[in-house]
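work_0.cif, holding mmCIF, C-alpha atoms and all ligand atoms:
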data_start
#
loop_
_atom_site.group_PDB
_atom_site.id
_atom_site.type_symbol
_atom_site.label_atom_id
_atom_site.label_comp_id
_atom_site.auth_asym_id
_atom_site.auth_seq_id
_atom_site.Cartn_x
_atom_site.Cartn_y
_atom_site.Cartn_z
ATOM 1 C CA MET A 1 115.188 23.670 -42.434
ATOM 2 C CA VAL A 2 114.569 25.374 -39.116
ATOM 3 C CA LYS A 3 117.570 25.680 -36.810
ATOM 4 C CA LYS A 4 116.837 25.630 -33.081
ATOM 5 C CA ILE A 5 119.301 27.454 -30.870
ATOM 6 C CA ALA A 6 119.213 27.697 -27.089
ATOM 7 C CA ILE A 7 120.628 30.638 -25.192
ATOM 8 C CA THR A 8 121.380 29.216 -21.797
ATOM 9 C CA GLY A 9 123.815 29.389 -18.886
ATOM 10 C CA GLY A 10 124.389 28.154 -15.410
ATOM 11 C CA LYS A 11 124.052 31.505 -13.716
ATOM 12 C CA GLY A 12 121.406 34.220 -13.687
ATOM 13 C CA GLY A 13 122.338 37.818 -14.461
ATOM 14 C CA THR A 14 124.995 37.053 -17.068
ATOM 15 C CA GLY A 15 123.065 38.792 -19.850
ATOM 16 C CA LYS A 16 121.294 35.775 -21.332
ATOM 17 C CA SER A 17 118.084 37.653 -22.175
ATOM 18 C CA THR A 18 120.014 40.654 -23.478
ATOM 19 C CA ILE A 19 121.941 38.403 -25.838
ATOM 20 C CA ALA A 20 118.912 36.276 -26.847
ATOM 21 C CA THR A 21 116.897 39.358 -27.830
ATOM 22 C CA ALA A 22 119.876 40.956 -29.608
ATOM 23 C CA LEU A 23 120.479 37.773 -31.611
ATOM 24 C CA ALA A 24 116.786 37.518 -32.490
ATOM 25 C CA LEU A 25 116.803 41.080 -33.762
ATOM 26 C CA GLU A 26 119.950 40.649 -35.816
ATOM 27 C CA LEU A 27 118.754 37.371 -37.369
ATOM 28 C CA ALA A 28 115.325 38.858 -38.103
ATOM 29 C CA LYS A 29 116.917 41.331 -40.533
ATOM 30 C CA ARG A 30 117.192 38.488 -43.038
ATOM 31 C CA TYR A 31 115.406 35.467 -41.653
ATOM 32 C CA LYS A 32 112.105 34.384 -40.203
ATOM 33 C CA VAL A 33 112.742 34.267 -36.469
ATOM 34 C CA LEU A 34 110.729 32.953 -33.571
ATOM 35 C CA LEU A 35 111.953 33.814 -30.081
ATOM 36 C CA ILE A 36 110.726 31.644 -27.223
ATOM 37 C CA ASP A 37 111.199 33.013 -23.726
ATOM 38 C CA ALA A 38 111.352 29.778 -21.753
ATOM 39 C CA ASP A 39 112.721 31.472 -18.626
ATOM 40 C CA ILE A 40 109.346 30.751 -17.074
ATOM 41 C CA ASP A 41 110.118 32.038 -13.572
ATOM 42 C CA CYS A 42 111.179 35.416 -14.789
ATOM 43 C CA PRO A 43 110.376 36.008 -18.476
ATOM 44 C CA ASN A 44 111.589 39.446 -19.527
ATOM 45 C CA ASP A 45 112.448 39.285 -23.233
ATOM 46 C CA HIS A 46 109.152 41.023 -24.032
ATOM 47 C CA LEU A 47 110.219 43.981 -21.885
ATOM 48 C CA ILE A 48 113.514 44.327 -23.748
ATOM 49 C CA LEU A 49 111.753 44.026 -27.111
ATOM 50 C CA ASN A 50 108.933 46.334 -26.041
ATOM 51 C CA ILE A 51 106.329 43.687 -26.847
ATOM 52 C CA LYS A 52 102.874 44.053 -25.352
ATOM 53 C CA ARG A 53 102.117 40.398 -24.706
ATOM 54 C CA GLU A 54 98.745 38.922 -25.544
ATOM 55 C CA LYS A 55 97.497 35.964 -23.523
ATOM 56 C CA VAL A 56 97.106 32.804 -25.613
ATOM 57 C CA LYS A 57 95.875 30.340 -23.005
ATOM 58 C CA ASP A 58 96.257 28.997 -19.498
ATOM 59 C CA ILE A 59 98.166 25.773 -18.897
ATOM 60 C CA PHE A 60 96.537 23.161 -16.685
ATOM 61 C CA GLN A 61 97.812 20.032 -15.030
ATOM 62 C CA PRO A 62 95.713 17.047 -13.925
ATOM 63 C CA VAL A 63 95.388 16.840 -10.151
ATOM 64 C CA PRO A 64 93.721 14.186 -7.996
ATOM 65 C CA ARG A 65 90.351 14.846 -6.388
ATOM 66 C CA LEU A 66 89.186 12.489 -3.679
ATOM 67 C CA ASN A 67 85.696 11.011 -3.783
ATOM 68 C CA LYS A 68 85.153 10.237 -0.092
ATOM 69 C CA GLN A 69 82.084 8.089 -0.808
ATOM 70 C CA LYS A 70 84.197 5.635 -2.783
ATOM 71 C CA CYS A 71 87.355 5.745 -0.623
ATOM 72 C CA ARG A 72 87.918 2.694 1.594
ATOM 73 C CA LYS A 73 90.903 4.205 3.449
ATOM 74 C CA CYS A 74 93.353 1.541 2.261
ATOM 75 C CA GLY A 75 96.352 3.890 1.883
ATOM 76 C CA ASN A 76 97.528 2.569 -1.505
ATOM 77 C CA CYS A 77 97.548 6.053 -3.012
ATOM 78 C CA ALA A 78 99.989 7.414 -0.422
ATOM 79 C CA LYS A 79 102.321 4.460 -0.997
ATOM 80 C CA VAL A 80 102.726 5.192 -4.727
ATOM 81 C CA CYS A 81 103.094 8.964 -4.470
ATOM 82 C CA ARG A 82 106.794 9.679 -4.926
ATOM 83 C CA GLU A 83 106.283 13.382 -4.283
ATOM 84 C CA LYS A 84 104.946 12.762 -0.773
ATOM 85 C CA ALA A 85 101.872 14.748 -1.763
ATOM 86 C CA ILE A 86 99.478 12.413 0.060
ATOM 87 C CA VAL A 87 99.350 12.091 3.831
ATOM 88 C CA PHE A 88 97.707 8.916 5.017
ATOM 89 C CA VAL A 89 96.864 8.041 8.603
ATOM 90 C CA LYS A 90 95.364 4.586 9.207
ATOM 91 C CA GLY A 91 91.580 4.729 9.507
ATOM 92 C CA GLU A 92 91.341 8.218 7.954
ATOM 93 C CA HIS A 93 90.789 9.519 4.441
ATOM 94 C CA PRO A 94 94.022 10.478 2.674
ATOM 95 C CA VAL A 95 94.873 14.169 2.589
ATOM 96 C CA PHE A 96 96.278 15.614 -0.653
ATOM 97 C CA ILE A 97 98.845 18.426 -0.643
ATOM 98 C CA PRO A 98 98.270 20.297 -3.948
ATOM 99 C CA GLU A 99 101.540 22.274 -3.723
ATOM 100 C CA GLN A 100 103.529 19.020 -3.757
ATOM 101 C CA CYS A 101 101.514 17.299 -6.477
ATOM 102 C CA ILE A 102 103.070 17.152 -9.950
ATOM 103 C CA GLY A 103 99.990 15.600 -11.569
ATOM 104 C CA CYS A 104 101.603 12.279 -12.447
ATOM 105 C CA SER A 105 98.272 10.391 -11.996
ATOM 106 C CA ALA A 106 99.963 7.458 -10.218
ATOM 107 C CA CYS A 107 97.534 7.636 -7.291
ATOM 108 C CA MET A 108 94.520 7.601 -9.628
ATOM 109 C CA ILE A 109 95.821 4.450 -11.278
ATOM 110 C CA ALA A 110 96.754 2.812 -7.972
ATOM 111 C CA CYS A 111 93.434 3.331 -6.219
ATOM 112 C CA PRO A 112 91.612 -0.025 -6.370
ATOM 113 C CA PHE A 113 88.224 1.610 -5.761
ATOM 114 C CA GLY A 114 88.254 4.404 -8.313
ATOM 115 C CA ALA A 115 88.030 6.930 -5.507
ATOM 116 C CA ILE A 116 90.475 9.421 -7.007
ATOM 117 C CA GLU A 117 89.021 11.485 -9.808
ATOM 118 C CA LYS A 118 90.776 13.799 -12.206
ATOM 119 C CA GLY A 119 90.644 17.501 -11.393
ATOM 120 C CA LYS A 120 92.880 20.209 -12.827
ATOM 121 C CA LYS A 121 94.946 23.110 -11.584
ATOM 122 C CA LYS A 122 96.403 26.070 -13.401
ATOM 123 C CA ILE A 123 100.189 25.879 -13.578
ATOM 124 C CA GLY A 124 101.000 28.647 -16.036
ATOM 125 C CA THR A 125 100.040 30.892 -18.930
ATOM 126 C CA ILE A 126 101.233 31.156 -22.532
ATOM 127 C CA TYR A 127 101.624 34.569 -24.183
ATOM 128 C CA LYS A 128 102.486 35.761 -27.668
ATOM 129 C CA GLY A 129 103.571 38.966 -29.338
ATOM 130 C CA LYS A 130 105.631 40.511 -32.116
ATOM 131 C CA ASN A 131 108.001 43.419 -32.600
ATOM 132 C CA TYR A 132 111.059 44.267 -34.737
ATOM 133 C CA ASN A 133 109.988 41.468 -37.139
ATOM 134 C CA VAL A 134 110.532 38.912 -34.345
ATOM 135 C CA ASN A 135 107.634 36.606 -33.544
ATOM 136 C CA PHE A 136 107.523 35.818 -29.896
ATOM 137 C CA PHE A 137 106.047 33.356 -27.403
ATOM 138 C CA SER A 138 106.616 33.095 -23.676
ATOM 139 C CA ALA A 139 105.197 31.253 -20.705
ATOM 140 C CA GLU A 140 104.953 32.195 -17.095
ATOM 141 C CA THR A 141 104.652 29.725 -14.246
ATOM 142 C CA GLU A 142 102.284 30.062 -11.312
ATOM 143 C CA ILE A 143 104.118 31.086 -8.132
ATOM 144 C CA GLY A 144 105.243 28.218 -5.894
ATOM 145 C CA LEU A 145 104.939 25.486 -8.517
ATOM 146 C CA GLU A 146 106.998 22.457 -7.488
ATOM 147 C CA GLU A 147 107.666 20.955 -10.932
ATOM 148 C CA GLU A 148 108.000 23.523 -13.720
ATOM 149 C CA SER A 149 108.963 21.469 -16.762
ATOM 150 C CA PRO A 150 105.275 20.814 -17.724
ATOM 151 C CA VAL A 151 104.971 24.577 -18.308
ATOM 152 C CA VAL A 152 107.918 24.577 -20.722
ATOM 153 C CA ASN A 153 106.656 21.379 -22.368
ATOM 154 C CA ALA A 154 103.222 22.956 -22.890
ATOM 155 C CA LEU A 155 104.865 26.027 -24.449
ATOM 156 C CA LYS A 156 106.926 23.861 -26.802
ATOM 157 C CA GLN A 157 103.892 21.770 -27.692
ATOM 158 C CA HIS A 158 101.972 24.940 -28.504
ATOM 159 C CA ILE A 159 104.506 26.084 -31.120
ATOM 160 C CA LYS A 160 105.044 22.617 -32.639
ATOM 161 C CA ASN A 161 102.812 23.212 -35.670
ATOM 162 C CA ILE A 162 104.376 26.545 -36.610
ATOM 163 C CA GLU A 163 108.048 25.572 -36.224
ATOM 164 C CA LYS A 164 108.360 24.796 -39.923
ATOM 165 C CA ASP A 165 107.458 28.396 -40.822
ATOM 166 C CA TYR A 166 110.739 29.716 -39.376
ATOM 167 C CA ASP A 167 114.420 29.706 -40.286
ATOM 168 C CA TYR A 168 115.552 30.138 -36.686
ATOM 169 C CA ILE A 169 113.890 29.416 -33.357
ATOM 170 C CA LEU A 170 115.724 30.802 -30.338
ATOM 171 C CA PHE A 171 115.006 29.429 -26.865
ATOM 172 C CA ASP A 172 115.979 31.698 -23.995
ATOM 173 C CA THR A 173 116.108 29.184 -21.127
ATOM 174 C CA SER A 174 116.032 29.667 -17.372
ATOM 175 C CA PRO A 175 119.498 29.762 -15.798
ATOM 176 C CA GLY A 176 120.800 26.585 -14.172
ATOM 177 C CA ALA A 177 120.577 22.907 -14.985
ATOM 178 C CA HIS A 178 117.255 21.886 -13.495
ATOM 179 C CA CYS A 179 114.272 20.171 -15.113
ATOM 180 C CA ASN A 180 112.667 23.114 -16.882
ATOM 181 C CA VAL A 181 116.023 24.025 -18.466
ATOM 182 C CA ILE A 182 116.410 20.446 -19.702
ATOM 183 C CA SER A 183 112.902 20.607 -21.214
ATOM 184 C CA ALA A 184 113.760 23.830 -23.034
ATOM 185 C CA LEU A 185 117.070 22.443 -24.342
ATOM 186 C CA GLN A 186 115.720 19.164 -25.657
ATOM 187 C CA GLY A 187 115.561 19.132 -29.452
ATOM 188 C CA CYS A 188 117.906 22.115 -29.906
ATOM 189 C CA ASP A 189 120.620 21.891 -32.581
ATOM 190 C CA LEU A 190 123.026 24.212 -30.815
ATOM 191 C CA ALA A 191 123.312 25.998 -27.480
ATOM 192 C CA PHE A 192 125.085 29.195 -26.576
ATOM 193 C CA SER A 193 126.150 29.159 -22.972
ATOM 194 C CA VAL A 194 126.440 32.723 -21.711
ATOM 195 C CA THR A 195 128.910 33.385 -18.931
ATOM 196 C CA GLU A 196 131.298 35.892 -17.357
ATOM 197 C CA PRO A 197 135.047 35.537 -16.672
ATOM 198 C CA THR A 198 134.694 35.154 -12.906
ATOM 199 C CA PRO A 199 135.118 32.140 -10.577
ATOM 200 C CA LEU A 200 131.322 32.007 -10.216
ATOM 201 C CA GLY A 201 130.892 32.225 -13.978
ATOM 202 C CA GLN A 202 133.435 29.432 -14.404
ATOM 203 C CA HIS A 203 131.649 27.193 -11.906
ATOM 204 C CA ASP A 204 128.224 27.735 -13.432
ATOM 205 C CA LEU A 205 129.513 27.414 -16.989
ATOM 206 C CA GLU A 206 130.846 23.988 -16.128
ATOM 207 C CA LEU A 207 127.380 22.937 -14.918
ATOM 208 C CA SER A 208 125.838 24.207 -18.134
ATOM 209 C CA LEU A 209 128.415 22.508 -20.386
ATOM 210 C CA LYS A 210 128.115 19.274 -18.426
ATOM 211 C CA LEU A 211 124.360 19.275 -19.006
ATOM 212 C CA LEU A 212 124.713 20.083 -22.720
ATOM 213 C CA LYS A 213 127.233 17.268 -23.102
ATOM 214 C CA LYS A 214 124.821 14.849 -21.436
ATOM 215 C CA LEU A 215 122.030 15.973 -23.778
ATOM 216 C CA LYS A 216 124.439 15.674 -26.763
ATOM 217 C CA ILE A 217 123.798 19.278 -27.809
ATOM 218 C CA PRO A 218 126.809 21.078 -29.348
ATOM 219 C CA SER A 219 127.780 24.039 -27.199
ATOM 220 C CA GLN A 220 129.498 27.349 -27.824
ATOM 221 C CA ILE A 221 130.347 29.977 -25.241
ATOM 222 C CA ILE A 222 129.454 33.650 -25.301
ATOM 223 C CA LEU A 223 131.712 35.444 -22.895
ATOM 224 C CA ASN A 224 129.917 38.522 -21.651
ATOM 225 C CA LYS A 225 131.714 41.366 -19.847
ATOM 226 C CA SER A 226 134.823 39.675 -21.200
ATOM 227 C CA ASP A 227 137.250 42.330 -19.968
ATOM 228 C CA VAL A 228 136.246 42.444 -16.321
ATOM 229 C CA GLY A 229 137.834 39.210 -15.040
ATOM 230 C CA ASP A 230 140.193 36.392 -15.900
ATOM 231 C CA LYS A 231 139.408 34.881 -19.320
ATOM 232 C CA ASN A 232 141.695 31.930 -18.636
ATOM 233 C CA LEU A 233 139.153 30.571 -16.158
ATOM 234 C CA ILE A 234 136.661 30.185 -19.001
ATOM 235 C CA LYS A 235 139.213 29.023 -21.584
ATOM 236 C CA LYS A 236 140.192 26.130 -19.294
ATOM 237 C CA ILE A 237 136.601 24.912 -18.909
ATOM 238 C CA ALA A 238 135.886 25.404 -22.622
ATOM 239 C CA LYS A 239 138.845 23.202 -23.497
ATOM 240 C CA SER A 240 137.889 20.428 -21.115
ATOM 241 C CA TYR A 241 134.375 20.252 -22.589
ATOM 242 C CA ASN A 242 135.502 20.548 -26.186
ATOM 243 C CA SER A 243 133.560 23.775 -26.513
ATOM 244 C CA LYS A 244 134.793 27.098 -27.860
ATOM 245 C CA ILE A 245 134.318 30.755 -27.089
ATOM 246 C CA ILE A 246 132.441 32.039 -30.127
ATOM 247 C CA SER A 247 132.229 35.636 -28.938
ATOM 248 C CA GLU A 248 133.678 37.975 -26.359
ATOM 249 C CA ILE A 249 131.498 40.933 -25.503
ATOM 250 C CA PRO A 250 133.388 43.576 -23.530
ATOM 251 C CA TYR A 251 131.940 45.834 -20.873
ATOM 252 C CA ARG A 252 131.132 48.594 -23.374
ATOM 253 C CA LYS A 253 129.542 51.862 -22.329
ATOM 254 C CA SER A 254 127.299 51.837 -25.414
ATOM 255 C CA ILE A 255 125.939 48.392 -24.456
ATOM 256 C CA LEU A 256 125.362 49.479 -20.884
ATOM 257 C CA LYS A 257 123.505 52.571 -22.083
ATOM 258 C CA GLN A 258 121.173 50.568 -24.349
ATOM 259 C CA TYR A 259 120.633 48.051 -21.550
ATOM 260 C CA SER A 260 119.865 50.693 -18.933
ATOM 261 C CA GLU A 261 117.344 52.280 -21.305
ATOM 262 C CA GLY A 262 115.598 48.890 -21.592
ATOM 263 C CA LYS A 263 116.364 48.683 -25.311
ATOM 264 C CA PRO A 264 117.577 45.639 -27.240
ATOM 265 C CA ILE A 265 121.320 45.947 -27.715
ATOM 266 C CA LYS A 266 122.873 46.451 -31.119
ATOM 267 C CA ASP A 267 126.569 45.659 -31.179
ATOM 268 C CA LYS A 268 129.208 44.421 -33.609
ATOM 269 C CA ALA A 269 129.786 41.343 -31.395
ATOM 270 C CA ILE A 270 126.191 40.223 -32.055
ATOM 271 C CA LYS A 271 126.633 40.754 -35.811
ATOM 272 C CA GLN A 272 129.760 38.594 -35.669
ATOM 273 C CA ILE A 273 127.921 35.738 -33.951
ATOM 274 C CA VAL A 274 125.214 35.826 -36.626
ATOM 275 C CA ARG A 275 127.852 35.864 -39.373
ATOM 276 C CA LYS A 276 129.483 32.798 -37.854
ATOM 277 C CA LEU A 277 126.113 31.065 -37.656
ATOM 278 C CA LYS A 278 125.607 31.411 -41.385
ATOM 279 C CA LYS A 279 128.902 29.685 -42.230
HETATM 280 S S1 LIG B 1 99.083 12.826 -9.014
HETATM 281 FE FE1 LIG B 1 101.112 11.953 -8.575
HETATM 282 S S2 LIG B 1 102.113 13.540 -7.384
HETATM 283 FE FE2 LIG B 1 99.961 14.029 -7.352
HETATM 284 S S3 LIG B 1 99.204 13.129 -5.492
HETATM 285 FE FE3 LIG B 1 98.883 11.624 -7.135
HETATM 286 S S4 LIG B 1 100.701 10.334 -7.101
HETATM 287 FE FE4 LIG B 1 101.157 12.161 -5.900
HETATM 288 S S1 LIG B 2 93.880 4.263 -2.649
HETATM 289 FE FE1 LIG B 2 91.793 4.947 -2.999
HETATM 290 S S2 LIG B 2 90.607 3.887 -1.478
HETATM 291 FE FE2 LIG B 2 92.700 3.716 -0.826
HETATM 292 S S3 LIG B 2 92.994 5.456 0.569
HETATM 293 FE FE3 LIG B 2 93.601 6.134 -1.459
HETATM 294 S S4 LIG B 2 91.768 7.061 -2.312
HETATM 295 FE FE4 LIG B 2 91.114 5.847 -0.568
#

What do you get writing this file as structure tokens?
Ligand code: SF4
Ligand code: SF4
Amino acid sequence: MVKKIAITGGKGGTGKSTIATALALELAKRYKVLLIDADIDCPNDHLILNIKREKVKDIFQPVPRLNKQKCRKCGNCAKVCREKAIVFVKGEHPVFIPEQCIGCSACMIACPFGAIEKGKKKIGTIYKGKNYNVNFFSAETEIGLEEESPVVNALKQHIKNIEKDYDYILFDTSPGAHCNVISALQGCDLAFSVTEPTPLGQHDLELSLKLLKKLKIPSQIILNKSDVGDKNLIKKIAKSYNSKIISEIPYRKSILKQYSEGKPIKDKAIKQIVRKLKK
């Protein structure tokens, strides 16, 4: 049965993508692996894996389109819009603010005169690729999109039918604990939270573990650059969230060299994580 693992973390720049791609590569030596780059603001796993992405399709969201002939200027639509994406001034037609609209359709339903029709706007693009025996999908959001989880949901929906063909599916999420991260995490069997032994790393790890606890997803910690700060900061948080540090990856010159050359890292710490996964 397919095992879904998220590689996540509260803070950007901790090495999440480096570790996600390295794990994918190591697992792909023996298993069928699908890597999903769900860091939709800044997907970069394909760069590390030297994958030339191929566009699969654009992602669209329903958006309201006003039919002025039918509109009676009642203002109901503006009242139901929780995103404040409709400006209504008495006696005037409502004005829609596309950047604020999340496509929930509430205004279309609420209009008693059928004056709001369904249009669509592009919110992202899905890509695919393959290298090192790792099958790969990613999505990229349009710049300035208010609500990004529909992009991640569309990506997950797209791979639904092929999930069963894999032993492992890895989700490299965006950093943080906002909606698109939650969308990526949902349905995962395990999450690796990647962090560093610094006060900032400790703070952001706590956010990540808090979210995983809420979603009832078992968490394990990968401590990157483990020898550059105070490990006790991380140990304390791990204990309070009943999580454990599964791997400590030191600040090794060999890792830095592979990273700076834009190559996927190969390291004994990654092999150890994979070995532990198989137990
Ligand atoms: S679709 Fe939803 S968010 Fe967009 S304008 Fe209508 S009510 Fe507001
Ligand atoms: S609810 Fe319909 S009729 Fe009323 S202002 Fe909005 S679009 Fe016009």

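Taking atom CA of A:Phe171 as the reference point, atom CA of A:Ile245 is found at 19.4 Å.
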
For the PyMOL selection byres (((not hetatm)) within 10 of (chain B and resi 1)), applied here, can you spell out every residue it catches as a compact mmCIF listing (two decimals) with C-alpha atoms, in the coordinates of the input?
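Written file, expr.txt:
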# COMPACT_ATOMS: atom_id res chain seq x y z
CA GLN A 61 97.81 20.03 -15.03
CA PRO A 62 95.71 17.05 -13.92
CA VAL A 63 95.39 16.84 -10.15
CA PRO A 64 93.72 14.19 -8.00
CA ARG A 65 90.35 14.85 -6.39
CA CYS A 77 97.55 6.05 -3.01
CA ALA A 78 99.99 7.41 -0.42
CA LYS A 79 102.32 4.46 -1.00
CA VAL A 80 102.73 5.19 -4.73
CA CYS A 81 103.09 8.96 -4.47
CA ARG A 82 106.79 9.68 -4.93
CA GLU A 83 106.28 13.38 -4.28
CA LYS A 84 104.95 12.76 -0.77
CA ALA A 85 101.87 14.75 -1.76
CA ILE A 86 99.48 12.41 0.06
CA VAL A 87 99.35 12.09 3.83
CA VAL A 95 94.87 14.17 2.59
CA PHE A 96 96.28 15.61 -0.65
CA ILE A 97 98.84 18.43 -0.64
CA PRO A 98 98.27 20.30 -3.95
CA GLU A 99 101.54 22.27 -3.72
CA GLN A 100 103.53 19.02 -3.76
CA CYS A 101 101.51 17.30 -6.48
CA ILE A 102 103.07 17.15 -9.95
CA GLY A 103 99.99 15.60 -11.57
CA CYS A 104 101.60 12.28 -12.45
CA SER A 105 98.27 10.39 -12.00
CA ALA A 106 99.96 7.46 -10.22
CA CYS A 107 97.53 7.64 -7.29
CA MET A 108 94.52 7.60 -9.63
CA ILE A 109 95.82 4.45 -11.28
CA ALA A 110 96.75 2.81 -7.97
CA CYS A 111 93.43 3.33 -6.22
CA ILE A 116 90.48 9.42 -7.01
CA LYS A 118 90.78 13.80 -12.21
CA GLY A 119 90.64 17.50 -11.39
CA GLU A 147 107.67 20.96 -10.93

query: Closest to A:Gly124 among A:Glu248, A:Asp204, A:Glu140, A:Asp165, using only C-alpha atoms?
result: A:Glu140

statement: Separating atom CA of A:Gly262 from atom CA of A:His203, to the nearest tenth of an Å, is a gap of 28.7 Å

message: On this structure, the PyMOL selection byres (((chain A and resi 39-56) around 10) and not hetatm) would catch which residues? List them as a PyMOL selection string, sorted by chain and number.
response: chain A and resi 8+16-22+24-25+35-38+57-59+124-132+134-145+148-149+151-152+155+158+171-175+180-181+184+258-259+261-265

query: Would you name the residues within 8 Å of ligand LIG 2 (chain B), counting all atoms listed in the file, and put them as number ranges by chain?
result: A: 66-68, 70-78, 88, 93-94, 107-108, 110-116

message: Restricting the calculation to only C-alpha atoms: of A:Lys214, A:Ser243, A:Lys236, A:Leu223, which residue gets closest to A:Gln186?
response: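 With only C-alpha atoms as the atom set, the closest residue is A:Lys214.
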
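Distance-wise, atom CA of A:Ser260 and atom CA of A:Leu34 end up 24.7 Å apart.
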
Exercise: residues within 7 Å of coordinate (124.5, 31.2, -22.5), counting only C-alpha atoms, as JSON, numbers by chain: {"A": [7, 8, 9, 16, 192, 193, 194, 195, 221, 222]}

Would you mind exporting the chosen residues as a compact mmCIF listing (two decimals), in the coordinates of the input, restricted to C-alpha atoms?
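In the end it all went to part15.txt:
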# COMPACT_ATOMS: atom_id res chain seq x y z
CA ILE A 7 120.63 30.64 -25.19
CA THR A 8 121.38 29.22 -21.80
CA GLY A 9 123.82 29.39 -18.89
CA LYS A 16 121.29 35.78 -21.33
CA PHE A 192 125.08 29.20 -26.58
CA SER A 193 126.15 29.16 -22.97
CA VAL A 194 126.44 32.72 -21.71
CA THR A 195 128.91 33.38 -18.93
CA ILE A 221 130.35 29.98 -25.24
CA ILE A 222 129.45 33.65 -25.30

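Here, the PyMOL selection byres (((chain A and resi 230) around 12) and not hetatm) matches Glu196, Pro197, Thr198, Pro199, Leu200, Gly201, Gln202, Leu223, Asn224, Lys225, Ser226, Asp227, Val228, Gly229, Lys231, Asn232, Leu233, Ile234, Lys235 and Lys236 of chain A.
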
message: Under the rule that only C-alpha atoms are counted, which of A:Leu211, A:Ile249, A:Ile159, A:Ile217 is the nearest residue to A:Leu190?
response: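 The answer is A:Ile217, which sits nearest to A:Leu190.
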
message: Counting all atoms listed in the file, find residues at most 12 Å from (118.2, 27.6, -42.6) (file frame) and give them as a VMD selection string.
response: chain A and resid 1 to 5 27 30 to 33 164 to 169 189 277 to 279

Centre and edge lengths, as lines of an AutoDock Vina configuration file, for the axis-aligned box enclosing every listed atom of stretch 1-18 of chain A with 4 Å of padding on each of the six sides, in Å to one decimal?
center_x = 119.8
center_y = 32.2
center_z = -28.1
size_x = 18.4
size_y = 25.0
size_z = 36.7

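Between A:Ile182 and the candidates A:Asp267, A:Leu205, A:Gln157, A:Lys216, the tightest atom-to-atom separation, counting only C-alpha atoms, involves A:Lys216.
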